[in-house]
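S.K.: The structure under discussion is supplied below as structure tokens; questions concerning it will follow.
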Amino acid sequence: MSSAKKLTNNQLIDRFPELTRRQLLLRGLGGAACGFSLAGPFSITPAKAIDPIARTGSGPLKLSLAAYSFRQQLSLQPDKPGAMDLFELVNFCRQHQVPGIELTSYYFPAEFDQSYLRRLARHCHLQGITISGGAIRNDFCVAPSELDQQLEHVKKWVDAYAILGAPVIRIFAGSPPTGVSRDEAIRRCVAACETSCQYAGQKGVMLALENHHGITDTADSMLQVVEQVDSPWFGVNFDSGNFKSTDNPYDELAHIAPYAVNAQIKVEMWKAGNKIDADLPRIIDILRQANYGGWVVFEYEAAEPAEQAVPKHLTELAKLIA
């Protein structure tokens, strides 16, 4: 038997913060000293792990703008009329007195490097704009043979957003592939979320699972994932416009709000498959009732051109969250 000093679970977590208490228990590491190895991501047994975030009273709400709101302009070639880059979007936020910006990954240069990230972070700071978070495209329901590529993609962007100082990245679950049950897809997603959070936590970045489509298309289904992911670096990205099939989207939002670590607001939402105007005061009240505090990120997707519509909606939201 090794003569090394045995560590308690709490001491192990302090020394190795990427571990979670449930992983220690599952792998029998409570009396281990060190030199352990982690099993693969699919060895984790699902169990209720995360509880609603404990908050006392409603916290401050801070307005941010998602780069996706100007997706058409940001997707144009630089020499095209109306083209915009992320630096110019930061300037837009300053012009309209928006304190935060979500630097959505889709609009970074294809071959960006650390120099670009540092210049962008510096520009945000000098313009008085805080980077509220980021967003990536991923699918955690893929076959095990395809998972490494997804995990590497998440790791790449965790590294990038850590340099930028972004506190949170919104991620996606995905949909069950052909021939894969919903339960199996949820199991895959839970395991991949835990693996990704282990790495993100080492960088001080939270991962926020967005209610979107696939296995997160309803609050109940989404919480089947959320309540099994055992990590202090995990939570929900509350998106007010993404529950599309329910008769009561506000009730669905109220169910996920207690887990929110980031919030997205849209001016349109869906009721029983039909698009409707969003009741913005009601959505903000749902967040307040859940004692949410943090960034409220406006993401514009409606038909009116963003240049005309976004400033008006930002003014309205600023008054609502004041």
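Naming works like this for the structure tokens: A, B, ... for the chains as they're shown, residue 1 at the start of each chain, ligands 1 onward in shown order.
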Quick one: which region 74-174 of chain A residues come within 12 Å of region 201-204 of chain A, and what is the nearest atom pair for each with the distance in Å to one decimal, counting only C-alpha atoms, rows ordered by chain and ascending number, as CSV?

M.R.:
residue,atom,partner,partner_atom,distance
A:Lys155,CA,A:Lys203,CA,10.1
A:Lys156,CA,A:Lys203,CA,11.7
A:Trp157,CA,A:Lys203,CA,11.1
A:Val158,CA,A:Lys203,CA,7.4
A:Asp159,CA,A:Lys203,CA,7.4
A:Ala160,CA,A:Lys203,CA,10.2
A:Tyr161,CA,A:Lys203,CA,9.2
A:Ala162,CA,A:Lys203,CA,6.2
A:Ile163,CA,A:Lys203,CA,9.2
A:Leu164,CA,A:Lys203,CA,11.4
A:Gly165,CA,A:Gly204,CA,9.0
A:Ala166,CA,A:Gly204,CA,9.1
A:Pro167,CA,A:Gly204,CA,7.2
A:Val168,CA,A:Gly204,CA,8.8
A:Ile169,CA,A:Gly204,CA,11.0

S.K.: Counting only C-alpha atoms, what is within 12 Å of Thr315 (chain A), bar same-chain residues fewer than 6 positions away, as a list in words?

M.R.: Leu63, Ser64, Leu65, Cys93, His96, Gln97, Val98, Phe298, Ala309, Ile321 and Ala322 of chain A

S.K.: Please save N, CA and C atoms of the selected residues as a PDB file, in the first residue's frame.

M.R.:
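Generated output (part.pdb):
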ATOM      1  N   LEU A  63     -27.545  44.887 -19.840  1.00  0.00           N
ATOM      2  CA  LEU A  63     -27.915  44.720 -21.237  1.00  0.00           C
ATOM      3  C   LEU A  63     -26.698  44.448 -22.120  1.00  0.00           C
ATOM      4  N   SER A  64     -26.853  43.457 -22.996  1.00  0.00           N
ATOM      5  CA  SER A  64     -25.818  43.106 -23.962  1.00  0.00           C
ATOM      6  C   SER A  64     -26.462  42.885 -25.326  1.00  0.00           C
ATOM      7  N   LEU A  65     -25.649  42.909 -26.364  1.00  0.00           N
ATOM      8  CA  LEU A  65     -26.140  42.686 -27.727  1.00  0.00           C
ATOM      9  C   LEU A  65     -25.398  41.512 -28.342  1.00  0.00           C
ATOM     10  N   CYS A  93     -22.207  49.284 -30.217  1.00  0.00           N
ATOM     11  CA  CYS A  93     -22.649  49.174 -28.819  1.00  0.00           C
ATOM     12  C   CYS A  93     -22.302  50.440 -28.033  1.00  0.00           C
ATOM     13  N   HIS A  96     -24.675  53.293 -28.947  1.00  0.00           N
ATOM     14  CA  HIS A  96     -26.029  53.155 -28.426  1.00  0.00           C
ATOM     15  C   HIS A  96     -26.062  52.846 -26.927  1.00  0.00           C
ATOM     16  N   GLN A  97     -24.935  53.053 -26.271  1.00  0.00           N
ATOM     17  CA  GLN A  97     -24.870  52.929 -24.808  1.00  0.00           C
ATOM     18  C   GLN A  97     -25.284  51.550 -24.310  1.00  0.00           C
ATOM     19  N   VAL A  98     -24.855  50.522 -25.051  1.00  0.00           N
ATOM     20  CA  VAL A  98     -25.083  49.140 -24.632  1.00  0.00           C
ATOM     21  C   VAL A  98     -23.814  48.654 -23.939  1.00  0.00           C
ATOM     22  N   PHE A 298     -29.627  40.778 -25.937  1.00  0.00           N
ATOM     23  CA  PHE A 298     -30.636  40.936 -26.988  1.00  0.00           C
ATOM     24  C   PHE A 298     -30.141  40.297 -28.272  1.00  0.00           C
ATOM     25  N   ALA A 309     -34.226  48.497 -36.540  1.00  0.00           N
ATOM     26  CA  ALA A 309     -34.984  47.867 -35.453  1.00  0.00           C
ATOM     27  C   ALA A 309     -34.195  47.742 -34.157  1.00  0.00           C
ATOM     28  N   ILE A 321     -35.076  46.701 -17.837  1.00  0.00           N
ATOM     29  CA  ILE A 321     -34.173  46.070 -16.874  1.00  0.00           C
ATOM     30  C   ILE A 321     -33.552  47.071 -15.896  1.00  0.00           C
ATOM     31  N   ALA A 322     -33.861  48.361 -16.081  1.00  0.00           N
ATOM     32  CA  ALA A 322     -33.265  49.386 -15.218  1.00  0.00           C
ATOM     33  C   ALA A 322     -33.699  49.176 -13.765  1.00  0.00           C
TER      34      ALA A 322
END

S.K.: Counting only C-alpha atoms, which residues of region 27-146 of chain A fall within 10 Å of region 256-272 of chain A, and what is the closest atom pair for each with its distance in Å at one decimal, ordered by chain and rising number, as JSON lines?

M.R.:
{"residue": "A:Ile50", "atom": "CA", "partner": "A:Tyr259", "partner_atom": "CA", "distance": 8.6}
{"residue": "A:Asp51", "atom": "CA", "partner": "A:Tyr259", "partner_atom": "CA", "distance": 7.5}
{"residue": "A:Pro52", "atom": "CA", "partner": "A:Tyr259", "partner_atom": "CA", "distance": 4.9}
{"residue": "A:Ile53", "atom": "CA", "partner": "A:Tyr259", "partner_atom": "CA", "distance": 5.6}
{"residue": "A:Ala54", "atom": "CA", "partner": "A:Pro258", "partner_atom": "CA", "distance": 8.4}
{"residue": "A:Arg55", "atom": "CA", "partner": "A:Pro258", "partner_atom": "CA", "distance": 9.1}
{"residue": "A:Leu61", "atom": "CA", "partner": "A:Ala263", "partner_atom": "CA", "distance": 9.8}
{"residue": "A:Leu63", "atom": "CA", "partner": "A:Gln264", "partner_atom": "CA", "distance": 10.0}
{"residue": "A:Ser64", "atom": "CA", "partner": "A:Gln264", "partner_atom": "CA", "distance": 9.0}
{"residue": "A:Leu65", "atom": "CA", "partner": "A:Gln264", "partner_atom": "CA", "distance": 9.1}
{"residue": "A:Ala66", "atom": "CA", "partner": "A:Gln264", "partner_atom": "CA", "distance": 8.4}
{"residue": "A:Ser69", "atom": "CA", "partner": "A:Lys266", "partner_atom": "CA", "distance": 9.8}
{"residue": "A:Ser132", "atom": "CA", "partner": "A:Asn262", "partner_atom": "CA", "distance": 8.8}
{"residue": "A:Gly133", "atom": "CA", "partner": "A:Asn262", "partner_atom": "CA", "distance": 8.4}

S.K.: Would you please work out which residue, of A:Phe243, A:Phe87, A:Tyr68, A:Phe140, is nearest to Asp217 (chain A) when using only C-alpha atoms?

M.R.: A:Phe243

S.K.: Among region 91-320 of chain A, which ones does DSSP assign to helix (DSSP H, G or I) (computed from the backbone)? Answer as a PyMOL selection string.

M.R.: chain A and resi 91-95+105-107+114-126+144-164+182-202+214-216+219-226+249-259+280-289+306-320

S.K.: Could you save the residues just selected, with C-alpha atoms, as a compact mmCIF listing (two decimals), in the first residue's frame?

M.R.:
# COMPACT_ATOMS: atom_id res chain seq x y z
CA ASN A 91 -18.42 50.66 -31.81
CA PHE A 92 -22.16 50.28 -32.44
CA CYS A 93 -22.65 49.17 -28.82
CA ARG A 94 -20.75 52.21 -27.58
CA GLN A 95 -22.76 54.53 -29.81
CA SER A 105 -17.97 32.76 -32.83
CA TYR A 106 -19.59 32.53 -36.26
CA TYR A 107 -18.25 35.96 -37.21
CA GLN A 114 -4.15 35.13 -30.34
CA SER A 115 -3.00 38.51 -31.64
CA TYR A 116 -6.47 39.08 -33.10
CA LEU A 117 -8.11 38.07 -29.82
CA ARG A 118 -5.93 40.43 -27.80
CA ARG A 119 -6.64 43.31 -30.18
CA LEU A 120 -10.37 42.63 -29.95
CA ALA A 121 -10.28 42.43 -26.15
CA ARG A 122 -8.32 45.69 -26.01
CA HIS A 123 -10.77 47.42 -28.34
CA CYS A 124 -13.73 46.34 -26.19
CA HIS A 125 -12.05 47.66 -23.07
CA LEU A 126 -11.10 51.00 -24.60
CA PRO A 144 -19.06 8.23 -30.11
CA SER A 145 -16.77 8.02 -33.14
CA GLU A 146 -17.58 11.66 -33.96
CA LEU A 147 -17.47 13.04 -30.43
CA ASP A 148 -13.76 13.87 -30.29
CA GLN A 149 -14.18 16.38 -33.09
CA GLN A 150 -17.00 18.09 -31.20
CA LEU A 151 -15.03 18.17 -27.96
CA GLU A 152 -11.98 19.63 -29.72
CA HIS A 153 -14.18 22.31 -31.23
CA VAL A 154 -15.45 23.27 -27.79
CA LYS A 155 -11.92 23.26 -26.40
CA LYS A 156 -10.69 25.57 -29.19
CA TRP A 157 -13.35 28.13 -28.39
CA VAL A 158 -12.97 27.84 -24.63
CA ASP A 159 -9.32 28.78 -25.13
CA ALA A 160 -10.27 31.71 -27.38
CA TYR A 161 -12.98 33.08 -25.13
CA ALA A 162 -10.77 32.71 -22.06
CA ILE A 163 -8.25 35.06 -23.70
CA LEU A 164 -11.09 37.50 -24.40
CA ARG A 182 -33.95 10.20 -27.30
CA ASP A 183 -32.78 8.64 -24.01
CA GLU A 184 -29.49 7.59 -25.59
CA ALA A 185 -29.02 11.04 -27.12
CA ILE A 186 -29.59 12.63 -23.71
CA ARG A 187 -27.04 10.27 -22.15
CA ARG A 188 -24.48 11.21 -24.78
CA CYS A 189 -25.13 14.91 -24.26
CA VAL A 190 -24.84 14.69 -20.47
CA ALA A 191 -21.48 12.94 -20.73
CA ALA A 192 -20.15 15.39 -23.33
CA CYS A 193 -21.27 18.38 -21.27
CA GLU A 194 -19.45 17.06 -18.21
CA THR A 195 -16.29 16.40 -20.20
CA SER A 196 -16.41 19.88 -21.73
CA CYS A 197 -17.09 21.53 -18.38
CA GLN A 198 -14.05 19.85 -16.89
CA TYR A 199 -11.89 21.69 -19.41
CA ALA A 200 -13.85 24.96 -19.38
CA GLY A 201 -13.71 25.12 -15.60
CA GLN A 202 -9.92 25.04 -15.69
CA GLY A 214 -33.67 18.37 -30.66
CA ILE A 215 -33.41 17.13 -27.08
CA THR A 216 -33.82 20.66 -25.65
CA ALA A 219 -38.39 22.41 -20.76
CA ASP A 220 -38.91 18.88 -19.44
CA SER A 221 -36.58 17.35 -21.99
CA MET A 222 -33.98 20.03 -21.45
CA LEU A 223 -34.02 19.56 -17.70
CA GLN A 224 -33.43 15.85 -18.18
CA VAL A 225 -30.03 16.92 -19.47
CA VAL A 226 -29.40 19.83 -17.13
CA PRO A 249 -43.91 29.26 -23.90
CA TYR A 250 -43.85 31.50 -20.83
CA ASP A 251 -44.49 28.53 -18.57
CA GLU A 252 -41.68 26.63 -20.29
CA LEU A 253 -39.32 29.58 -19.74
CA ALA A 254 -40.26 29.76 -16.07
CA HIS A 255 -39.21 26.13 -15.64
CA ILE A 256 -35.67 26.70 -16.95
CA ALA A 257 -35.09 30.19 -15.54
CA PRO A 258 -33.87 28.99 -12.10
CA TYR A 259 -30.91 27.29 -13.84
CA LEU A 280 -40.92 41.55 -23.06
CA PRO A 281 -42.02 42.79 -19.60
CA ARG A 282 -43.38 39.31 -18.84
CA ILE A 283 -40.12 37.67 -19.89
CA ILE A 284 -38.06 40.02 -17.75
CA ASP A 285 -40.41 39.32 -14.85
CA ILE A 286 -39.82 35.58 -15.27
CA LEU A 287 -36.10 36.18 -14.88
CA ARG A 288 -36.65 38.38 -11.83
CA GLN A 289 -38.99 35.83 -10.24
CA ALA A 306 -31.40 45.42 -37.96
CA GLU A 307 -30.02 48.93 -38.46
CA GLN A 308 -33.50 50.39 -37.87
CA ALA A 309 -34.98 47.87 -35.45
CA VAL A 310 -32.16 47.05 -33.04
CA PRO A 311 -31.71 50.56 -31.55
CA LYS A 312 -35.45 50.83 -30.80
CA HIS A 313 -35.57 47.47 -29.06
CA LEU A 314 -32.40 48.17 -27.11
CA THR A 315 -33.96 51.36 -25.76
CA GLU A 316 -37.06 49.44 -24.66
CA LEU A 317 -35.04 46.68 -23.00
CA ALA A 318 -32.79 49.16 -21.22
CA LYS A 319 -35.87 50.70 -19.59
CA LEU A 320 -37.30 47.30 -18.62

S.K.: Excluding Asp139 (chain A) and its own-chain neighbours fewer than 5 positions away, which residues fall within 8 Å of it when counting only C-alpha atoms? Please give them as a list in words.

M.R.: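 My reading of the contact set: Gln150, Phe172, Ala173, Gly174 and Ser175 of chain A.
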